[in-house]
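So this one's run-v2.txt, compact mmCIF, N, CA and C atoms:
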```
# COMPACT_ATOMS: atom_id res chain seq x y z
N MET A 1 -1.42 -27.32 -35.55
CA MET A 1 -2.38 -27.77 -36.57
C MET A 1 -1.97 -27.16 -37.92
N PRO A 2 -1.76 -27.97 -38.95
CA PRO A 2 -1.35 -27.45 -40.24
C PRO A 2 -2.35 -26.44 -40.78
N GLY A 3 -1.81 -25.38 -41.32
CA GLY A 3 -2.65 -24.37 -41.93
C GLY A 3 -2.96 -23.20 -41.02
N LYS A 4 -2.91 -23.41 -39.73
CA LYS A 4 -3.27 -22.33 -38.81
C LYS A 4 -2.22 -21.24 -38.80
N THR A 5 -0.94 -21.60 -38.75
CA THR A 5 0.10 -20.60 -38.62
C THR A 5 0.36 -19.85 -39.92
N ALA A 6 -0.15 -20.38 -41.05
CA ALA A 6 0.04 -19.69 -42.32
C ALA A 6 -0.58 -18.30 -42.28
N GLU A 7 -1.56 -18.12 -41.40
CA GLU A 7 -2.20 -16.81 -41.30
C GLU A 7 -1.23 -15.74 -40.82
N VAL A 8 -0.21 -16.14 -40.04
CA VAL A 8 0.75 -15.17 -39.54
C VAL A 8 2.04 -15.17 -40.36
N ASN A 9 2.20 -16.11 -41.27
CA ASN A 9 3.36 -16.14 -42.15
C ASN A 9 3.01 -15.35 -43.40
N PRO A 10 3.57 -14.16 -43.55
CA PRO A 10 3.18 -13.30 -44.68
C PRO A 10 3.46 -13.92 -46.05
N LEU A 11 4.52 -14.70 -46.17
CA LEU A 11 4.81 -15.30 -47.46
C LEU A 11 3.76 -16.34 -47.84
N LEU A 12 3.41 -17.22 -46.91
CA LEU A 12 2.38 -18.21 -47.20
C LEU A 12 1.02 -17.55 -47.39
N ALA A 13 0.74 -16.53 -46.60
CA ALA A 13 -0.53 -15.81 -46.73
C ALA A 13 -0.66 -15.15 -48.10
N SER A 14 0.46 -14.81 -48.72
CA SER A 14 0.42 -14.13 -50.02
C SER A 14 0.12 -15.08 -51.18
N ILE A 15 0.17 -16.38 -50.92
CA ILE A 15 -0.10 -17.38 -51.96
C ILE A 15 -1.60 -17.68 -51.99
N ASP A 16 -2.21 -17.53 -53.18
CA ASP A 16 -3.64 -17.79 -53.32
C ASP A 16 -3.97 -19.22 -52.90
N ASP A 17 -5.05 -19.38 -52.13
CA ASP A 17 -5.48 -20.71 -51.70
C ASP A 17 -6.01 -21.52 -52.88
N VAL A 18 -6.67 -20.85 -53.82
CA VAL A 18 -7.29 -21.54 -54.96
C VAL A 18 -7.03 -20.75 -56.24
N VAL A 19 -6.56 -21.45 -57.26
CA VAL A 19 -6.46 -20.89 -58.61
C VAL A 19 -6.95 -21.98 -59.55
N ILE A 20 -8.14 -21.75 -60.13
CA ILE A 20 -8.72 -22.71 -61.06
C ILE A 20 -9.29 -21.96 -62.26
N ASP A 21 -9.50 -22.72 -63.35
CA ASP A 21 -10.11 -22.13 -64.54
C ASP A 21 -11.55 -21.71 -64.25
N GLU A 22 -12.00 -20.71 -65.00
CA GLU A 22 -13.32 -20.13 -64.79
C GLU A 22 -14.46 -21.08 -65.17
N ASN A 23 -14.24 -21.90 -66.17
CA ASN A 23 -15.29 -22.82 -66.63
C ASN A 23 -14.68 -24.10 -67.18
N GLY A 24 -15.47 -25.16 -67.14
CA GLY A 24 -15.07 -26.41 -67.76
C GLY A 24 -14.82 -27.53 -66.78
N ARG A 25 -14.37 -28.63 -67.35
CA ARG A 25 -14.02 -29.83 -66.59
C ARG A 25 -12.52 -30.03 -66.74
N PHE A 26 -11.81 -30.12 -65.63
CA PHE A 26 -10.36 -30.18 -65.70
C PHE A 26 -9.76 -30.87 -64.48
N LYS A 27 -8.50 -31.24 -64.61
CA LYS A 27 -7.76 -31.87 -63.53
C LYS A 27 -7.36 -30.81 -62.50
N TYR A 28 -7.23 -31.26 -61.25
CA TYR A 28 -6.75 -30.37 -60.20
C TYR A 28 -5.88 -31.15 -59.23
N ILE A 29 -5.03 -30.42 -58.50
CA ILE A 29 -4.23 -31.00 -57.44
C ILE A 29 -4.43 -30.23 -56.14
N LEU A 30 -4.27 -30.94 -55.04
CA LEU A 30 -4.32 -30.35 -53.71
C LEU A 30 -2.90 -30.47 -53.14
N CYS A 31 -2.35 -29.35 -52.68
CA CYS A 31 -0.97 -29.34 -52.22
C CYS A 31 -0.83 -28.70 -50.85
N LYS A 32 0.16 -29.18 -50.12
CA LYS A 32 0.56 -28.57 -48.85
C LYS A 32 1.80 -27.74 -49.15
N VAL A 33 1.78 -26.47 -48.74
CA VAL A 33 2.93 -25.60 -48.97
C VAL A 33 3.47 -25.12 -47.62
N TYR A 34 4.80 -25.02 -47.56
CA TYR A 34 5.45 -24.56 -46.34
C TYR A 34 6.80 -23.93 -46.69
N GLN A 35 7.36 -23.22 -45.72
CA GLN A 35 8.59 -22.48 -45.93
C GLN A 35 9.69 -23.03 -45.03
N ASP A 36 10.92 -23.06 -45.54
CA ASP A 36 12.10 -23.42 -44.76
C ASP A 36 12.00 -24.80 -44.10
N GLY A 37 11.35 -25.73 -44.74
CA GLY A 37 11.25 -27.09 -44.21
C GLY A 37 10.37 -27.22 -42.98
N ASN A 38 9.67 -26.14 -42.61
CA ASN A 38 8.81 -26.15 -41.42
C ASN A 38 7.41 -26.60 -41.82
N LYS A 39 7.14 -27.89 -41.74
CA LYS A 39 5.85 -28.43 -42.15
C LYS A 39 4.72 -28.05 -41.20
N GLU A 40 5.06 -27.60 -40.00
CA GLU A 40 4.01 -27.17 -39.06
C GLU A 40 3.44 -25.82 -39.48
N ASP A 41 4.26 -25.01 -40.12
CA ASP A 41 3.83 -23.69 -40.61
C ASP A 41 3.47 -23.87 -42.08
N SER A 42 2.24 -24.32 -42.33
CA SER A 42 1.85 -24.69 -43.69
C SER A 42 0.40 -24.32 -43.97
N LYS A 43 0.05 -24.47 -45.24
CA LYS A 43 -1.35 -24.33 -45.62
C LYS A 43 -1.61 -25.18 -46.85
N MET A 44 -2.88 -25.47 -47.09
CA MET A 44 -3.29 -26.26 -48.25
C MET A 44 -3.74 -25.31 -49.35
N ILE A 45 -3.39 -25.67 -50.58
CA ILE A 45 -3.82 -24.89 -51.75
C ILE A 45 -4.30 -25.84 -52.84
N ALA A 46 -5.16 -25.35 -53.70
CA ALA A 46 -5.69 -26.14 -54.83
C ALA A 46 -5.41 -25.40 -56.13
N ARG A 47 -5.02 -26.16 -57.14
CA ARG A 47 -4.77 -25.62 -58.47
C ARG A 47 -5.39 -26.53 -59.51
N GLY A 48 -6.03 -25.93 -60.52
CA GLY A 48 -6.63 -26.73 -61.58
C GLY A 48 -6.75 -25.96 -62.87
N THR A 49 -6.56 -26.66 -64.00
CA THR A 49 -6.64 -26.01 -65.30
C THR A 49 -6.92 -27.02 -66.41
N ARG A 50 -7.63 -26.55 -67.42
CA ARG A 50 -7.87 -27.36 -68.63
C ARG A 50 -6.59 -27.52 -69.44
N GLN A 51 -5.62 -26.65 -69.23
CA GLN A 51 -4.37 -26.68 -70.00
C GLN A 51 -3.52 -27.91 -69.69
N ALA A 52 -3.76 -28.55 -68.56
CA ALA A 52 -2.91 -29.66 -68.13
C ALA A 52 -3.44 -30.99 -68.67
N GLU A 53 -2.56 -31.71 -69.34
CA GLU A 53 -2.92 -33.05 -69.80
C GLU A 53 -2.85 -34.03 -68.63
N PHE A 54 -1.88 -33.81 -67.74
CA PHE A 54 -1.68 -34.68 -66.58
C PHE A 54 -1.64 -33.84 -65.30
N HIS A 55 -1.96 -34.48 -64.17
CA HIS A 55 -1.88 -33.80 -62.89
C HIS A 55 -0.46 -33.29 -62.64
N ALA A 56 0.53 -34.06 -63.07
CA ALA A 56 1.94 -33.68 -62.88
C ALA A 56 2.29 -32.39 -63.60
N ASP A 57 1.58 -32.09 -64.70
CA ASP A 57 1.82 -30.82 -65.41
C ASP A 57 1.47 -29.63 -64.51
N ILE A 58 0.37 -29.76 -63.78
CA ILE A 58 -0.04 -28.69 -62.86
C ILE A 58 1.00 -28.56 -61.76
N TYR A 59 1.41 -29.70 -61.21
CA TYR A 59 2.38 -29.68 -60.12
C TYR A 59 3.72 -29.07 -60.56
N ASP A 60 4.22 -29.47 -61.71
CA ASP A 60 5.51 -28.96 -62.19
C ASP A 60 5.49 -27.45 -62.32
N HIS A 61 4.42 -26.92 -62.87
CA HIS A 61 4.28 -25.47 -63.03
C HIS A 61 4.22 -24.78 -61.65
N LEU A 62 3.40 -25.31 -60.75
CA LEU A 62 3.24 -24.73 -59.42
C LEU A 62 4.54 -24.81 -58.63
N ASP A 63 5.20 -25.97 -58.67
CA ASP A 63 6.43 -26.16 -57.92
C ASP A 63 7.52 -25.19 -58.37
N ALA A 64 7.65 -24.97 -59.67
CA ALA A 64 8.64 -24.04 -60.19
C ALA A 64 8.35 -22.61 -59.71
N PHE A 65 7.08 -22.23 -59.73
CA PHE A 65 6.67 -20.89 -59.28
C PHE A 65 6.98 -20.71 -57.79
N LEU A 66 6.61 -21.70 -56.98
CA LEU A 66 6.80 -21.60 -55.53
C LEU A 66 8.26 -21.67 -55.13
N GLU A 67 9.05 -22.43 -55.89
CA GLU A 67 10.48 -22.53 -55.61
C GLU A 67 11.15 -21.16 -55.70
N GLU A 68 10.72 -20.37 -56.67
CA GLU A 68 11.26 -19.01 -56.82
C GLU A 68 10.95 -18.14 -55.61
N LEU A 69 9.85 -18.44 -54.92
CA LEU A 69 9.46 -17.69 -53.73
C LEU A 69 10.14 -18.23 -52.47
N GLY A 70 10.76 -19.41 -52.58
CA GLY A 70 11.37 -20.04 -51.41
C GLY A 70 10.38 -20.87 -50.62
N VAL A 71 9.36 -21.39 -51.30
CA VAL A 71 8.32 -22.18 -50.65
C VAL A 71 8.36 -23.61 -51.20
N THR A 72 8.21 -24.58 -50.31
CA THR A 72 8.18 -25.99 -50.69
C THR A 72 6.74 -26.43 -50.90
N CYS A 73 6.53 -27.28 -51.90
CA CYS A 73 5.20 -27.74 -52.26
C CYS A 73 5.18 -29.27 -52.28
N GLU A 74 4.18 -29.85 -51.61
CA GLU A 74 3.97 -31.30 -51.62
C GLU A 74 2.58 -31.58 -52.14
N CYS A 75 2.47 -32.34 -53.21
CA CYS A 75 1.15 -32.71 -53.72
C CYS A 75 0.61 -33.85 -52.86
N VAL A 76 -0.59 -33.66 -52.32
CA VAL A 76 -1.20 -34.67 -51.45
C VAL A 76 -2.34 -35.42 -52.15
N GLY A 77 -2.56 -35.13 -53.43
CA GLY A 77 -3.58 -35.84 -54.19
C GLY A 77 -4.16 -34.97 -55.29
N GLY A 78 -5.01 -35.59 -56.07
CA GLY A 78 -5.62 -34.87 -57.18
C GLY A 78 -7.01 -35.40 -57.48
N GLY A 79 -7.58 -34.85 -58.51
CA GLY A 79 -8.91 -35.25 -58.94
C GLY A 79 -9.33 -34.38 -60.11
N LYS A 80 -10.62 -34.21 -60.25
CA LYS A 80 -11.16 -33.36 -61.31
C LYS A 80 -12.16 -32.38 -60.72
N ILE A 81 -12.32 -31.28 -61.44
CA ILE A 81 -13.28 -30.25 -61.05
C ILE A 81 -14.14 -29.94 -62.27
N GLU A 82 -15.44 -29.81 -62.03
CA GLU A 82 -16.34 -29.29 -63.05
C GLU A 82 -16.84 -27.95 -62.54
N HIS A 83 -16.49 -26.89 -63.26
CA HIS A 83 -16.77 -25.52 -62.81
C HIS A 83 -17.65 -24.81 -63.82
N ASP A 84 -18.78 -24.30 -63.34
CA ASP A 84 -19.69 -23.51 -64.17
C ASP A 84 -19.89 -22.16 -63.47
N SER A 85 -19.15 -21.16 -63.93
CA SER A 85 -19.21 -19.85 -63.27
C SER A 85 -20.51 -19.11 -63.54
N ILE A 86 -21.23 -19.47 -64.60
CA ILE A 86 -22.53 -18.85 -64.89
C ILE A 86 -23.58 -19.36 -63.90
N ALA A 87 -23.66 -20.68 -63.76
CA ALA A 87 -24.62 -21.29 -62.82
C ALA A 87 -24.12 -21.21 -61.37
N LYS A 88 -22.83 -20.84 -61.22
CA LYS A 88 -22.19 -20.75 -59.90
C LYS A 88 -22.23 -22.09 -59.18
N THR A 89 -21.72 -23.11 -59.89
CA THR A 89 -21.63 -24.45 -59.31
C THR A 89 -20.24 -25.02 -59.55
N ILE A 90 -19.78 -25.82 -58.59
CA ILE A 90 -18.52 -26.54 -58.71
C ILE A 90 -18.73 -27.94 -58.14
N THR A 91 -18.27 -28.95 -58.89
CA THR A 91 -18.29 -30.32 -58.40
C THR A 91 -16.86 -30.85 -58.44
N VAL A 92 -16.44 -31.47 -57.35
CA VAL A 92 -15.10 -32.04 -57.21
C VAL A 92 -15.25 -33.56 -57.14
N PHE A 93 -14.43 -34.30 -57.91
CA PHE A 93 -14.58 -35.74 -57.96
C PHE A 93 -13.30 -36.37 -58.50
N GLY A 94 -13.26 -37.70 -58.52
CA GLY A 94 -12.19 -38.44 -59.17
C GLY A 94 -10.90 -38.49 -58.38
N HIS A 95 -9.83 -38.91 -59.08
CA HIS A 95 -8.53 -39.05 -58.45
C HIS A 95 -7.43 -38.87 -59.50
N SER A 96 -6.21 -38.79 -59.03
CA SER A 96 -5.04 -38.71 -59.90
C SER A 96 -4.37 -40.07 -59.96
N GLN A 97 -4.00 -40.51 -61.15
CA GLN A 97 -3.27 -41.77 -61.29
C GLN A 97 -1.93 -41.69 -60.56
N GLY A 98 -1.26 -40.56 -60.67
CA GLY A 98 0.08 -40.41 -60.09
C GLY A 98 0.11 -40.04 -58.61
N TYR A 99 -0.84 -39.21 -58.18
CA TYR A 99 -0.81 -38.68 -56.81
C TYR A 99 -1.88 -39.28 -55.90
N GLY A 100 -2.79 -40.05 -56.44
CA GLY A 100 -3.88 -40.60 -55.64
C GLY A 100 -5.02 -39.60 -55.50
N LYS A 101 -6.02 -39.97 -54.71
CA LYS A 101 -7.19 -39.11 -54.53
C LYS A 101 -6.92 -38.05 -53.47
N ALA A 102 -7.20 -36.81 -53.83
CA ALA A 102 -7.11 -35.72 -52.86
C ALA A 102 -8.24 -35.85 -51.86
N ASP A 103 -8.08 -35.24 -50.71
CA ASP A 103 -9.18 -35.14 -49.75
C ASP A 103 -10.11 -34.05 -50.28
N HIS A 104 -11.14 -34.48 -51.01
CA HIS A 104 -12.03 -33.52 -51.67
C HIS A 104 -12.74 -32.61 -50.67
N SER A 105 -12.91 -33.06 -49.44
CA SER A 105 -13.58 -32.20 -48.45
C SER A 105 -12.72 -30.96 -48.15
N ILE A 106 -11.40 -31.11 -48.16
CA ILE A 106 -10.51 -29.96 -47.96
C ILE A 106 -10.62 -29.03 -49.16
N THR A 107 -10.61 -29.61 -50.36
CA THR A 107 -10.73 -28.82 -51.58
C THR A 107 -12.03 -28.03 -51.58
N VAL A 108 -13.13 -28.67 -51.21
CA VAL A 108 -14.43 -27.99 -51.18
C VAL A 108 -14.42 -26.86 -50.16
N ARG A 109 -13.79 -27.06 -49.01
CA ARG A 109 -13.70 -25.99 -48.01
C ARG A 109 -12.95 -24.79 -48.60
N LEU A 110 -11.84 -25.03 -49.28
CA LEU A 110 -11.08 -23.95 -49.91
C LEU A 110 -11.91 -23.24 -50.98
N LEU A 111 -12.64 -24.03 -51.78
CA LEU A 111 -13.47 -23.45 -52.84
C LEU A 111 -14.60 -22.60 -52.27
N LYS A 112 -15.20 -23.06 -51.17
CA LYS A 112 -16.29 -22.29 -50.56
C LYS A 112 -15.77 -20.96 -49.99
N GLU A 113 -14.54 -20.95 -49.51
CA GLU A 113 -13.95 -19.69 -49.03
C GLU A 113 -13.66 -18.76 -50.21
N LYS A 114 -13.22 -19.32 -51.34
CA LYS A 114 -12.88 -18.52 -52.52
C LYS A 114 -14.14 -18.01 -53.24
N PHE A 115 -15.20 -18.82 -53.24
CA PHE A 115 -16.43 -18.50 -53.97
C PHE A 115 -17.63 -18.52 -53.02
N PRO A 116 -17.71 -17.59 -52.07
CA PRO A 116 -18.78 -17.63 -51.07
C PRO A 116 -20.18 -17.39 -51.63
N ASP A 117 -20.28 -16.81 -52.82
CA ASP A 117 -21.59 -16.50 -53.40
C ASP A 117 -22.10 -17.61 -54.32
N TYR A 118 -21.41 -18.73 -54.40
CA TYR A 118 -21.83 -19.81 -55.29
C TYR A 118 -23.04 -20.55 -54.74
N ASN A 119 -23.86 -21.09 -55.66
CA ASN A 119 -25.07 -21.82 -55.30
C ASN A 119 -24.77 -23.22 -54.78
N SER A 120 -23.74 -23.85 -55.35
CA SER A 120 -23.45 -25.23 -54.97
C SER A 120 -21.97 -25.54 -55.21
N ILE A 121 -21.31 -26.04 -54.15
CA ILE A 121 -19.95 -26.55 -54.26
C ILE A 121 -19.95 -27.88 -53.52
N THR A 122 -19.82 -28.97 -54.27
CA THR A 122 -19.95 -30.30 -53.69
C THR A 122 -18.81 -31.21 -54.17
N TRP A 123 -18.72 -32.38 -53.54
CA TRP A 123 -17.75 -33.38 -53.96
C TRP A 123 -18.36 -34.76 -53.87
N SER A 124 -17.77 -35.69 -54.63
CA SER A 124 -18.19 -37.08 -54.55
C SER A 124 -16.97 -37.97 -54.79
N ASP A 125 -17.10 -39.23 -54.40
CA ASP A 125 -16.01 -40.18 -54.61
C ASP A 125 -16.10 -40.88 -55.95
N ASP A 126 -17.00 -40.44 -56.81
CA ASP A 126 -17.15 -41.06 -58.13
C ASP A 126 -15.95 -40.79 -59.01
```
Let's see the structure in the file written out as structure tokens.
Amino acid sequence: MPGKTAEVNPLLASIDDVVIDENGRFKYILCKVYQDGNKEDSKMIARGTRQAEFHADIYDHLDAFLEELGVTCECVGGGKIEHDSIAKTITVFGHSQGYGKADHSITVRLLKEKFPDYNSITWSDD
């Protein structure tokens, strides 16, 4: 099952599951990362930032970083995130023109693990 073995792979375990901006509305991507071409030993990660004009900008930055570590990255979709760290709410929605719609339910699961004290983390297909 993808993602399960990443717990025992120290390199994959060292990669943050979620890195997003603290506040605002911004694009995000959901990616599968793995080492040495072994797609069975993988995990899903989410990245999002207001700095990116396009979803591909996020991917290019992430891919370059992971390549230096010897990790392969596959973007499986994108969307948008609205994050309010004061109200402790996150909403995931939308899609990427280039990568298609991410499975927002996976993204929300990752966000809930990263932000367990938040009041609301939801997604919609809007």
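Residues in contact with segment 99-106 of chain A at 7 Å, where all atoms listed in the file are counted and same-chain residues fewer than 6 positions away are skipped, are listed as Ile29, Leu30, Cys75, Val76, Gly77, Gly78, Gly79, Val92, Phe93, Trp123 and Ser124 of chain A.
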Considering all atoms listed in the file, tabulate each residue of segment 83-104 of chain A that lies at most 8 Å from segment 49-71 of chain A along with its nearest interatomic pair and the corresponding distance in Å to one decimal; arrange the rows by chain and ascending residue number and present them as a Markdown table.
```
| residue | atom | partner | partner_atom | distance |
| --- | --- | --- | --- | --- |
| A:Ser96 | CA | A:His55 | CA | 6.6 |
| A:Gln97 | N | A:His55 | N | 7.0 |
| A:Gly98 | CA | A:Ala56 | N | 7.0 |
| A:Tyr99 | N | A:Ala56 | N | 7.2 |
```
Residues from the last selection, N, CA and C atoms, saved as a JSON list (two decimals), in the coordinates of the input:
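Okay, this is what ended up in result-v6.json:
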```
[["chain", "number", "residue", "atom", "x", "y", "z"],
["A", 96, "SER", "N", -6.21, -38.79, -59.03],
["A", 96, "SER", "CA", -5.04, -38.71, -59.90],
["A", 96, "SER", "C", -4.37, -40.07, -59.96],
["A", 97, "GLN", "N", -4.00, -40.51, -61.15],
["A", 97, "GLN", "CA", -3.27, -41.77, -61.29],
["A", 97, "GLN", "C", -1.93, -41.69, -60.56],
["A", 98, "GLY", "N", -1.26, -40.56, -60.67],
["A", 98, "GLY", "CA", 0.08, -40.41, -60.09],
["A", 98, "GLY", "C", 0.11, -40.04, -58.61],
["A", 99, "TYR", "N", -0.84, -39.21, -58.18],
["A", 99, "TYR", "CA", -0.81, -38.68, -56.81],
["A", 99, "TYR", "C", -1.88, -39.28, -55.90]]
```
*Can you list every residue in segment 17-72 of chain A that DSSP puts in strand (DSSP E or B), as a ChimeraX atom specification?*
/A:18-20,23-35,42-49,71-72
Set up a box along x, y and z of the file covering all listed atoms of segment 57-75 of chain A, add 5 Å on every one of the six sides, and write the centre and edge lengths in Å to one decimal, as JSON.
```
{"center_x": 5.7, "center_y": -25.8, "center_z": -57.9, "size_x": 21.4, "size_y": 26.2, "size_z": 25.1}
```
*Just how far from atom CA of Glu74 of chain A is atom CA of Thr107 of chain A, in Å to one decimal?*
14.9 Å
*atom CA of Thr91 of chain A to atom CA of Phe26 of chain A, straight-line distance in Å*: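 For atom CA of Phe26 of chain A relative to atom CA of Thr91 of chain A, the distance reads 10.8 Å.
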*May I have all residues of chain A that DSSP, computed from the backbone, assigns to alpha helix (DSSP H), given as number ranges by chain?*
A: 10-13, 55-69, 104-114
*asked:* Report, in Å to a single decimal, how far apart atom N of Ser42 of chain A and atom C of Ser14 of chain A are.
replied: 13.0 Å
*asked:* Counting all atoms listed in the file, which residues sit no farther than 5 Å from the position (-20.6, -25.1, -51.4) in the file's frame? I'd like them as a VMD selection string.
replied: chain A and resid 120 to 122
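Across A:Gly24, A:Asn38, A:Lys88, A:Met44, the tightest approach to Asp117 of chain A is made by A:Lys88 when counting all atoms listed in the file.
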*Residue nearest Thr72 of chain A among A:Val33, A:Glu22, A:Pro116, A:Asp126 (counting only C-alpha atoms)*: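 The shortest atom-to-atom distance to Thr72 of chain A comes from A:Val33.
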_Contact residues around Tyr118 of chain A with all atoms listed in the file at 8 Å, ignoring same-chain residues under 6 positions, as a PyMOL selection string_ = chain A and resi 87-90+112
*From the set A:Ile20, A:Gln35, A:Asp125, A:Leu12, which residue has the shortest atom-to-atom contact distance to Leu110 of chain A, counting only C-alpha atoms?*
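The closest residue to Leu110 of chain A is A:Ile20.
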